[in-house]
Amino acid sequence: MDLREYLNRIGFTGQYDKASLENLFAIHKLHVLNIPFENLSVHSGEKNTMDLHIIYDKIVKSNRGGWCCENNLLFSWVLREMGYKFTILGAKVFNSLDKEFLPKDCHLINLVEIDGKPYIADVSFGVSHQMWHPLELISRKDQPQPPGVFRLTNDGAKWVLEKTGRKQVVQDKAFANSSLIDKRLTKIMYSFTLTPCDADHFLETSEFLQTNPESLFMLKSICSLQTPTGFRALIGWTYSEVTFKEDADSVDMKEIPESEIEALLKEKFNLVLVNKFTPKNNKADYCI
């Protein structure tokens, strides 16, 4: 595993041996602009793992993306190699259908401390709720970023992250009522405590997410990538390009014939799959 190889993968050309806030912001943004949030392995006969060396080979050497446990675990290794003080944390994702947080930690994030100030780094939540920069760990402070305004709140026992975005304007009216369109301006994302974790903490969750038939990641194939002006997403056969705008985000959606999906993954996500990929978009609560 070579830090410089990872930095080449994301296009970072700065001083990599300097654990500064500026560098943290730079590598965080470059990661989400160059490495997709995706679960395509689950739908290609492959198995996701918590083995850092396998994750490195997948994302860095094979030019793939990954889901949160892969991307954020790799990012924790990057933080270590660059000399940052960090802690792995577990987060409980909010189920907007049941209006409650999932019972187990199924999302891995990193707490980074610089000059005595803590920041939350998360390079793998995807679509419109992907933060571009780390968030300062301050309760009830609005932290604007291109996707919207992120806000952390603390009740003493746990922290909660929410994001307020903009109205999404769908260009093709045939998709106006798509279940992928999120009509909620403010959305709770996840909760977490400051209890340190390690990779093994997520082993059971990782297995559940890729084997349980009710898991979101079993029900839907997902690939998203941030762009300089918004983000792209392929959910099942539905491809979306979202452009961030001041008052309302523009959403261009279209259905992709299965015969063209391989070419689209290469063109739009710079991603090539080795095994046969079977798109899925079964009923589950997931919005772009």
# chains A, B, ... in the order shown; residues from 1 in each chain; ligands from 1
>>> residues_around(residues="A:Val123", least_positions_apart="5", cutoff="8 Å", atoms="only C-alpha atoms", output="list in words")
His28, His31, Val32, Cys68, Asn71, Asn72, Phe75, Gln130, Met131 and Trp132 of chain A
>>> residues_around(residues="A:Val160", least_positions_apart="6", cutoff="8 Å", atoms="only C-alpha atoms", output="list in words")
Leu152, Thr153, Asn154, Ile188, Met189, Tyr190, Ser191 and Phe192 of chain A
>>> write_last_selection(atoms="N, CA, C and O atoms", output="compact mmCIF listing (two decimals), in the first residue's frame")
# COMPACT_ATOMS: atom_id res chain seq x y z
N LEU A 152 -24.81 19.82 12.81
CA LEU A 152 -24.65 18.83 13.86
C LEU A 152 -25.33 19.33 15.12
O LEU A 152 -25.23 20.52 15.45
N THR A 153 -26.03 18.45 15.82
CA THR A 153 -26.61 18.80 17.11
C THR A 153 -26.21 17.74 18.13
O THR A 153 -26.03 16.56 17.79
N ASN A 154 -26.06 18.16 19.36
CA ASN A 154 -25.63 17.26 20.42
C ASN A 154 -26.56 17.38 21.62
O ASN A 154 -26.84 18.49 22.08
N ILE A 188 -32.63 14.17 8.20
CA ILE A 188 -31.71 13.62 9.19
C ILE A 188 -30.90 12.51 8.52
O ILE A 188 -31.45 11.65 7.84
N MET A 189 -29.59 12.53 8.71
CA MET A 189 -28.72 11.55 8.06
C MET A 189 -28.34 10.41 8.99
O MET A 189 -28.61 9.25 8.71
N TYR A 190 -27.70 10.74 10.11
CA TYR A 190 -27.31 9.69 11.05
C TYR A 190 -26.96 10.28 12.40
O TYR A 190 -26.82 11.50 12.56
N SER A 191 -26.83 9.38 13.39
CA SER A 191 -26.41 9.77 14.73
C SER A 191 -25.16 8.99 15.10
O SER A 191 -24.89 7.92 14.54
N PHE A 192 -24.40 9.53 16.04
CA PHE A 192 -23.18 8.84 16.46
C PHE A 192 -22.76 9.32 17.84
O PHE A 192 -23.19 10.39 18.31
>>> residues_around(residues="A:Lys47", least_positions_apart="2", cutoff="12 Å", atoms="only C-alpha atoms", output="list in words")
Asn39, Leu40, Ser41, Val42, His43, Ser44, Gly45, Thr49, Met50, Asp51, Ile54, Ile55, Lys58, Gly66, Trp67, Glu70, Ser206, Glu207, Phe208, Leu209, Gln210, Thr211 and Asn275 of chain A
>>> closest_atom_pairs(of="stretch 127-233 of chain A", to="stretch 244-255 of chain A", cutoff="12 Å", atoms="only C-alpha atoms", output="tab-separated table")
residue	atom	partner	partner_atom	distance
A:Val127	CA	A:Phe244	CA	11.8
A:Ser128	CA	A:Phe244	CA	9.4
A:Gln145	CA	A:Phe244	CA	10.7
A:Pro146	CA	A:Phe244	CA	7.1
A:Pro147	CA	A:Phe244	CA	6.8
A:Gly148	CA	A:Phe244	CA	8.9
A:Gly165	CA	A:Ala248	CA	8.7
A:Arg166	CA	A:Ala248	CA	5.2
A:Lys167	CA	A:Ala248	CA	4.8
A:Gln168	CA	A:Asp249	CA	4.8
A:Val169	CA	A:Ser250	CA	5.0
A:Val170	CA	A:Val251	CA	4.7
A:Gln171	CA	A:Asp252	CA	5.4
A:Asp172	CA	A:Asp252	CA	6.8
A:Lys173	CA	A:Met253	CA	9.6
A:Ala174	CA	A:Met253	CA	9.1
A:Phe175	CA	A:Met253	CA	7.0
A:Ala176	CA	A:Met253	CA	9.5
A:Asn177	CA	A:Met253	CA	11.7
A:Ser178	CA	A:Met253	CA	9.6
A:Leu180	CA	A:Met253	CA	10.0
A:Ile181	CA	A:Val251	CA	8.9
A:Asp182	CA	A:Val251	CA	11.0
A:Lys183	CA	A:Ala248	CA	11.6
A:Leu185	CA	A:Ala248	CA	10.5
A:Gln226	CA	A:Phe244	CA	10.8
A:Thr227	CA	A:Phe244	CA	9.8
A:Pro228	CA	A:Phe244	CA	9.4
A:Thr229	CA	A:Phe244	CA	5.9
A:Gly230	CA	A:Phe244	CA	5.0
A:Phe231	CA	A:Phe244	CA	8.3
A:Arg232	CA	A:Asp252	CA	9.6
A:Ala233	CA	A:Met253	CA	9.4
>>> closest_residue(among="A:Lys276, A:Arg4, A:Arg140, A:Lys158", to="A:Met82", atoms="only C-alpha atoms")
A:Arg4
>>> residues_around(residues="A:Cys197", least_positions_apart="3", cutoff="10 Å", atoms="only C-alpha atoms", output="list of chain:residue names")
A:Thr87, A:Ile88, A:Leu89, A:Gly90, A:Leu108, A:Ile109, A:Asn110, A:Leu194, A:Asp200, A:His201, A:Phe202
>>> select_by_dssp(residues="stretch 18-261 of chain A", states="strand (DSSP E or B)", output="ChimeraX atom specification")
/A:37-38,66,85-95,100-101,107-114,117-121,135-136,139,141-145,148-154,159-164,167-170,186-192,197,220,222-227,230-235,238-243,248-255
>>> write_last_selection(atoms="C-alpha atoms", output="short mmCIF file (atom, residue, chain, number, x, y, z; two decimals), in the first residue's frame")
data_model
loop_
_atom_site.label_atom_id
_atom_site.label_comp_id
_atom_site.auth_asym_id
_atom_site.auth_seq_id
_atom_site.Cartn_x
_atom_site.Cartn_y
_atom_site.Cartn_z
CA PHE A 37 -19.89 5.68 -3.62
CA GLU A 38 -21.08 2.32 -4.98
CA GLY A 66 -16.98 1.38 -2.55
CA LYS A 85 -4.76 12.34 14.78
CA PHE A 86 -8.02 10.50 14.10
CA THR A 87 -10.56 8.11 15.59
CA ILE A 88 -12.92 5.74 13.79
CA LEU A 89 -16.54 6.15 14.90
CA GLY A 90 -19.72 4.18 14.22
CA ALA A 91 -22.94 5.90 13.13
CA LYS A 92 -26.57 4.79 13.03
CA VAL A 93 -28.29 5.80 9.78
CA PHE A 94 -31.76 7.35 10.08
CA ASN A 95 -34.59 5.30 8.58
CA GLU A 100 -35.97 6.18 13.76
CA PHE A 101 -32.28 5.40 13.71
CA HIS A 107 -21.93 3.67 8.84
CA LEU A 108 -18.22 4.26 9.46
CA ILE A 109 -16.94 7.85 9.86
CA ASN A 110 -13.71 9.45 11.04
CA LEU A 111 -13.18 12.03 13.77
CA VAL A 112 -10.07 14.10 13.00
CA GLU A 113 -8.41 16.47 15.48
CA ILE A 114 -6.34 19.40 14.24
CA LYS A 117 -10.38 21.17 17.12
CA PRO A 118 -12.39 18.05 16.17
CA TYR A 119 -13.84 17.52 12.68
CA ILE A 120 -16.08 14.81 11.21
CA ALA A 121 -14.75 13.41 7.93
CA LEU A 135 -17.56 19.32 9.44
CA GLU A 136 -16.38 21.05 12.58
CA SER A 139 -23.51 21.76 17.95
CA LYS A 141 -23.79 25.56 13.77
CA ASP A 142 -24.87 25.85 10.13
CA GLN A 143 -22.01 24.69 7.89
CA PRO A 144 -22.80 25.53 4.23
CA GLN A 145 -21.25 23.45 1.45
CA GLY A 148 -26.50 22.33 1.07
CA VAL A 149 -26.25 23.28 4.73
CA PHE A 150 -25.02 20.62 7.17
CA ARG A 151 -25.79 20.87 10.87
CA LEU A 152 -24.65 18.83 13.86
CA THR A 153 -26.61 18.80 17.11
CA ASN A 154 -25.63 17.26 20.42
CA TRP A 159 -24.59 13.70 18.00
CA VAL A 160 -27.06 13.95 15.08
CA LEU A 161 -26.22 15.11 11.56
CA GLU A 162 -28.83 16.65 9.29
CA LYS A 163 -28.67 18.42 5.97
CA THR A 164 -30.89 21.10 4.46
CA LYS A 167 -35.77 22.02 -4.08
CA GLN A 168 -35.03 19.58 -6.89
CA VAL A 169 -36.43 20.59 -10.28
CA VAL A 170 -36.82 17.60 -12.61
CA THR A 186 -34.21 18.91 5.52
CA LYS A 187 -33.20 15.32 6.14
CA ILE A 188 -31.71 13.62 9.19
CA MET A 189 -28.72 11.55 8.06
CA TYR A 190 -27.31 9.69 11.05
CA SER A 191 -26.41 9.77 14.73
CA PHE A 192 -23.18 8.84 16.46
CA CYS A 197 -14.25 1.81 17.08
CA LYS A 220 -30.83 -1.46 -5.06
CA ILE A 222 -26.19 2.28 -6.43
CA CYS A 223 -23.34 4.25 -7.93
CA SER A 224 -22.86 7.97 -7.33
CA LEU A 225 -20.03 10.42 -7.85
CA GLN A 226 -19.74 14.09 -6.96
CA THR A 227 -18.86 16.46 -9.82
CA GLY A 230 -23.26 18.60 -8.54
CA PHE A 231 -23.31 14.81 -8.72
CA ARG A 232 -24.14 11.82 -10.92
CA ALA A 233 -26.02 8.72 -9.84
CA LEU A 234 -27.03 5.40 -11.36
CA ILE A 235 -29.72 3.67 -9.32
CA THR A 238 -32.09 5.19 -13.77
CA TYR A 239 -29.27 7.63 -14.46
CA SER A 240 -29.40 11.14 -12.95
CA GLU A 241 -27.24 14.21 -13.37
CA VAL A 242 -27.86 16.85 -10.72
CA THR A 243 -26.59 20.41 -11.02
CA ALA A 248 -33.13 24.94 -6.81
CA ASP A 249 -31.08 22.00 -8.08
CA SER A 250 -31.62 20.85 -11.66
CA VAL A 251 -32.21 17.10 -12.08
CA ASP A 252 -31.83 15.41 -15.48
CA MET A 253 -33.01 11.78 -15.34
CA LYS A 254 -33.26 9.02 -17.93
CA GLU A 255 -33.60 5.26 -18.12
#
>>> residues_around(residues="A:Thr13", least_positions_apart="3", cutoff="10 Å", atoms="only C-alpha atoms", output="list in words")
Arg4, Leu7, Asn8, Ile10, Tyr16, Ala26 and Ile27 of chain A
>>> write_last_selection(atoms="C-alpha atoms", output="mmCIF file, in the first residue's frame")
data_model
loop_
_atom_site.group_PDB
_atom_site.id
_atom_site.type_symbol
_atom_site.label_atom_id
_atom_site.label_comp_id
_atom_site.auth_asym_id
_atom_site.auth_seq_id
_atom_site.Cartn_x
_atom_site.Cartn_y
_atom_site.Cartn_z
ATOM 1 C CA ARG A 4 1.363 8.389 -3.151
ATOM 2 C CA LEU A 7 -2.991 10.567 -3.854
ATOM 3 C CA ASN A 8 -2.433 10.064 -7.593
ATOM 4 C CA ILE A 10 -7.592 11.342 -6.394
ATOM 5 C CA TYR A 16 1.305 15.122 1.482
ATOM 6 C CA ALA A 26 -8.341 19.113 -0.129
ATOM 7 C CA ILE A 27 -8.080 15.313 0.060
#
>>> select_by_dssp(residues="stretch 13-236 of chain A", states="alpha helix (DSSP H)", output="NGL selection string")
:A and (21-34 or 52-56 or 68-81 or 203-209 or 216-219)
>>> decode(residues="stretch 190-225 of chain A", atoms="N, CA and C atoms", output="short mmCIF file (atom, residue, chain, number, x, y, z; two decimals), in the first residue's frame")
data_model
loop_
_atom_site.label_atom_id
_atom_site.label_comp_id
_atom_site.auth_asym_id
_atom_site.auth_seq_id
_atom_site.Cartn_x
_atom_site.Cartn_y
_atom_site.Cartn_z
N TYR A 190 -27.70 10.74 10.11
CA TYR A 190 -27.31 9.69 11.05
C TYR A 190 -26.96 10.28 12.40
N SER A 191 -26.83 9.38 13.39
CA SER A 191 -26.41 9.77 14.73
C SER A 191 -25.16 8.99 15.10
N PHE A 192 -24.40 9.53 16.04
CA PHE A 192 -23.18 8.84 16.46
C PHE A 192 -22.76 9.32 17.84
N THR A 193 -21.95 8.51 18.50
CA THR A 193 -21.31 8.93 19.74
C THR A 193 -19.81 9.02 19.46
N LEU A 194 -19.06 9.46 20.46
CA LEU A 194 -17.62 9.63 20.28
C LEU A 194 -16.84 8.42 20.80
N THR A 195 -17.52 7.27 20.91
CA THR A 195 -16.87 6.04 21.36
C THR A 195 -16.00 5.47 20.24
N PRO A 196 -14.70 5.33 20.45
CA PRO A 196 -13.82 4.82 19.39
C PRO A 196 -14.19 3.41 18.95
N CYS A 197 -14.00 3.14 17.66
CA CYS A 197 -14.25 1.81 17.08
C CYS A 197 -13.03 1.38 16.29
N ASP A 198 -13.06 0.13 15.85
CA ASP A 198 -12.07 -0.32 14.87
C ASP A 198 -12.82 -1.03 13.75
N ALA A 199 -12.09 -1.50 12.76
CA ALA A 199 -12.72 -2.11 11.60
C ALA A 199 -13.58 -3.31 11.96
N ASP A 200 -13.15 -4.09 12.95
CA ASP A 200 -13.90 -5.29 13.33
C ASP A 200 -15.30 -4.96 13.85
N HIS A 201 -15.49 -3.75 14.33
CA HIS A 201 -16.79 -3.33 14.84
C HIS A 201 -17.87 -3.42 13.75
N PHE A 202 -17.44 -3.37 12.48
CA PHE A 202 -18.38 -3.32 11.36
C PHE A 202 -18.48 -4.63 10.60
N LEU A 203 -17.82 -5.67 11.09
CA LEU A 203 -17.82 -6.95 10.37
C LEU A 203 -19.22 -7.53 10.23
N GLU A 204 -19.96 -7.56 11.33
CA GLU A 204 -21.31 -8.14 11.30
C GLU A 204 -22.23 -7.31 10.41
N THR A 205 -22.11 -5.99 10.51
CA THR A 205 -22.95 -5.11 9.69
C THR A 205 -22.63 -5.27 8.22
N SER A 206 -21.36 -5.36 7.89
CA SER A 206 -20.95 -5.53 6.49
C SER A 206 -21.54 -6.80 5.91
N GLU A 207 -21.53 -7.86 6.69
CA GLU A 207 -22.11 -9.13 6.23
C GLU A 207 -23.62 -9.01 6.05
N PHE A 208 -24.27 -8.36 7.01
CA PHE A 208 -25.73 -8.18 6.95
C PHE A 208 -26.13 -7.39 5.70
N LEU A 209 -25.42 -6.29 5.44
CA LEU A 209 -25.80 -5.40 4.35
C LEU A 209 -25.72 -6.07 2.98
N GLN A 210 -24.86 -7.08 2.85
CA GLN A 210 -24.70 -7.71 1.54
C GLN A 210 -25.28 -9.12 1.45
N THR A 211 -26.04 -9.52 2.51
CA THR A 211 -26.66 -10.84 2.46
C THR A 211 -28.14 -10.82 2.81
N ASN A 212 -28.55 -9.88 3.65
CA ASN A 212 -29.96 -9.85 4.07
C ASN A 212 -30.83 -9.32 2.93
N PRO A 213 -31.87 -10.05 2.53
CA PRO A 213 -32.70 -9.62 1.40
C PRO A 213 -33.42 -8.30 1.63
N GLU A 214 -33.54 -7.86 2.89
CA GLU A 214 -34.20 -6.58 3.19
C GLU A 214 -33.23 -5.41 3.23
N SER A 215 -31.96 -5.68 3.08
CA SER A 215 -30.97 -4.62 3.10
C SER A 215 -31.13 -3.71 1.88
N LEU A 216 -31.01 -2.41 2.10
CA LEU A 216 -31.07 -1.44 0.99
C LEU A 216 -30.08 -1.80 -0.10
N PHE A 217 -28.89 -2.24 0.31
CA PHE A 217 -27.85 -2.51 -0.67
C PHE A 217 -28.06 -3.81 -1.43
N MET A 218 -28.97 -4.66 -0.93
CA MET A 218 -29.39 -5.82 -1.69
C MET A 218 -30.53 -5.47 -2.64
N LEU A 219 -31.36 -4.53 -2.21
CA LEU A 219 -32.53 -4.16 -2.99
C LEU A 219 -32.22 -3.23 -4.16
N LYS A 220 -31.16 -2.43 -4.02
CA LYS A 220 -30.83 -1.46 -5.06
C LYS A 220 -29.35 -1.50 -5.40
N SER A 221 -29.04 -1.40 -6.68
CA SER A 221 -27.66 -1.16 -7.10
C SER A 221 -27.47 0.35 -7.20
N ILE A 222 -26.40 0.84 -6.59
CA ILE A 222 -26.19 2.28 -6.43
C ILE A 222 -24.77 2.65 -6.84
N CYS A 223 -24.65 3.69 -7.61
CA CYS A 223 -23.34 4.25 -7.93
C CYS A 223 -23.50 5.76 -8.04
N SER A 224 -22.77 6.52 -7.23
CA SER A 224 -22.86 7.97 -7.33
C SER A 224 -21.47 8.58 -7.22
N LEU A 225 -21.32 9.73 -7.84
CA LEU A 225 -20.03 10.42 -7.85
C LEU A 225 -20.29 11.92 -7.86
#
